[in-house]
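Each remark here refers to the structure printed beneath this line.
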Amino acid sequence: MKKDENGVSGIQSLSFRVSGDEMDTESGYDLSTVIGSLNDIESLVNKTYLSLNNRQRFNDQDAQRLNVRLKKLEKGSLWTQLDIVYHNVVIPALPYLAANQDFILVTIKDSLKYIRAKRTAEKKGQTPMIEQKAGAQSVVVNATGNAKVRIIVPQGLPKVADELQPEFKKLSEHIDGKGVSSIGIGSNLSPDVSEELKLDENDKELLSTKEITSDEQFSIVGKIFSGNFSANNGKILVIQTGESSLEIGKVYRTEISKELHAEDKWKDMFLTARPYYCKLKLKSDSNGFKVDRLVITDWENENWDDYLEVAE
């Protein structure tokens, strides 16, 4: 990896394997699976690049800076070496990746490990407790009891992982347990060595969740103009926020934490611009996860009256 004032340049190589009965040279590969899986791994790489730079759309300028090339194709299970060629790209925002020449592959591995840990805990009815540490170099999972699981992650990883989940889901959809049994991604550039990351039927089930709550808490200024006190929900107009997934001036459905169920405070919230801490509820569709509603987790007491004169 070369670094200069314009960014970083280099090549990251990875192995990509699709295993199953349909991946046989004698009978011929299933073309739709081959093309679809290669398109999806490219999409995962591109989305990783965007997420590390807090962006949403891969444009023509990005395509000039980063592209995925098919380097080798081996017989047997569909095994390929893919080269991620990048030129003058922005150094990743996550501190633990800044000096790592394999920052894309490391992000993919750590994101899937984090998603697996969090979704597995939720599936078991446990509460995942996410702890982001600036000095953490990987994902560490510690069971704290029957009801809670502590997941220690590098600072900033949960947001990136949440954005990559739809890409992992698309890859896993090729797995049917028959024609395709698993999909592997790794750094070992030999078809005789197993990949470090492998998606199988269990992952497909785990990734098929229809709704997730983001782990990142963020601030907004919003005006609640309708609500149901008993149900703890309503609608909110977003006036100010730094959250890239939200649109200023748009109305969203909102949930309000049961811990904030105070009648006097609710009366103070309506029809007035107020500062809140929020998380996102995301629902999946054919194009990935989209914002379904906001969850107000707390209010900013220190700045509660600072936005009374803010115009919509």
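Chain labels follow the order of the structure tokens: the first chain is A, the next B, and so on; residue numbering restarts at 1 in every chain, and ligands are counted from 1 in their shown order.
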Name all residues at most 7 Å from segment 150-154 of chain A (count only C-alpha atoms; drop same-chain ones fewer than 6 positions away) and give them as a VMD selection string.
chain A and resid 128 to 144
Do you have, as JSON lines, the list of residues of segment 141-218 of chain A lying at most 8 Å from segment 48-60 of chain A, each with its nearest atom pair and that distance in Å to one decimal, counting only C-alpha atoms and ordered by chain then number?
```
{"residue": "A:Val160", "atom": "CA", "partner": "A:Ser51", "partner_atom": "CA", "distance": 5.5}
{"residue": "A:Glu163", "atom": "CA", "partner": "A:Ser51", "partner_atom": "CA", "distance": 6.9}
{"residue": "A:Leu164", "atom": "CA", "partner": "A:Thr48", "partner_atom": "CA", "distance": 6.8}
```
Just write the chosen residues, N, CA, C and O atoms, as a PDB file, in the first residue's frame.
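So selection.pdb came out as:
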```pdb
ATOM      1  N   VAL A 160     -20.673   0.501  10.196  1.00  0.00           N
ATOM      2  CA  VAL A 160     -20.228  -0.098   8.930  1.00  0.00           C
ATOM      3  C   VAL A 160     -20.868  -1.474   8.750  1.00  0.00           C
ATOM      4  O   VAL A 160     -21.382  -1.801   7.677  1.00  0.00           O
ATOM      5  N   GLU A 163     -24.458  -1.456   7.688  1.00  0.00           N
ATOM      6  CA  GLU A 163     -24.608  -1.095   6.273  1.00  0.00           C
ATOM      7  C   GLU A 163     -24.221  -2.245   5.350  1.00  0.00           C
ATOM      8  O   GLU A 163     -24.711  -2.327   4.214  1.00  0.00           O
ATOM      9  N   LEU A 164     -23.360  -3.139   5.831  1.00  0.00           N
ATOM     10  CA  LEU A 164     -22.927  -4.279   5.018  1.00  0.00           C
ATOM     11  C   LEU A 164     -23.864  -5.472   5.141  1.00  0.00           C
ATOM     12  O   LEU A 164     -23.801  -6.387   4.303  1.00  0.00           O
TER      13      LEU A 164
END
```
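Selecting strand (DSSP E) from the backbone DSSP output for segment 67-103 of chain A yields Asn67, Val68, Arg69, Leu70, Lys71, Lys72, Leu73, Glu74, Leu78, Trp79, Thr80, Gln81, Leu82, Asp83, Ile84, Val85, Tyr86, His87, Asn88 and Val89 of chain A.
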Can you tell me which residues surround segment 64-71 of chain A at a distance of at most 9 Å, considering only C-alpha atoms, apart from same-chain residues fewer than 6 positions away, and format the answer as a list in words?
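Near neighbours after the sequence-gap exclusion: Ser9, Ser13, Glu42, Val45, Asn46, Tyr49, Thr80, Gln81, Leu82, Asp83, Ile84, Val85, Tyr86, His87, Asn88 and Val89 of chain A.
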Would you mind telling me which residue in A:Asp21, A:Glu216, A:Asp40, A:Glu243 lies nearest to Asp176 of chain A when using only C-alpha atoms?
A:Asp21
DSSP-assigned alpha helix (DSSP H) among segment 187-224 of chain A, expressed as a ChimeraX atom specification:
/A:201-207
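Distance check against Lys47 of chain A using only C-alpha atoms: of A:Ile11, A:Ala273, A:Leu105, A:Leu206, the minimum falls on A:Leu105.
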Applying 8 Å and only C-alpha atoms, which residues near Asp203 of chain A remain after dropping the ones on its own chain fewer than 3 positions away? List them as a list in words.
Arg116, Ser172, Leu199, Asp200, Leu206 and Leu207 of chain A
What's the separation between atom CA of Ile185 of chain A and atom CA of Leu171 of chain A, in Å to one decimal place?
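According to the coordinates, atom CA of Ile185 of chain A and atom CA of Leu171 of chain A are separated by 11.0 Å.
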Could you tell me which of A:Phe168, A:Trp79, A:Phe16, A:Tyr96 comes closest to Ile108 of chain A if we count only C-alpha atoms?
A:Phe168
To one decimal place in Å, what is the distance between atom CA of Thr213 of chain A and atom CA of Leu38 of chain A?
29.1 Å
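Atom to atom, atom CA of Ala93 of chain A and atom CA of Arg17 of chain A stand 29.2 Å apart.
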Taking 6 positions as the minimum chain separation for residues in the same chain, which residues sit within 9 Å of Ser37 of chain A when counting only C-alpha atoms? Answer as a count of residues only.
5
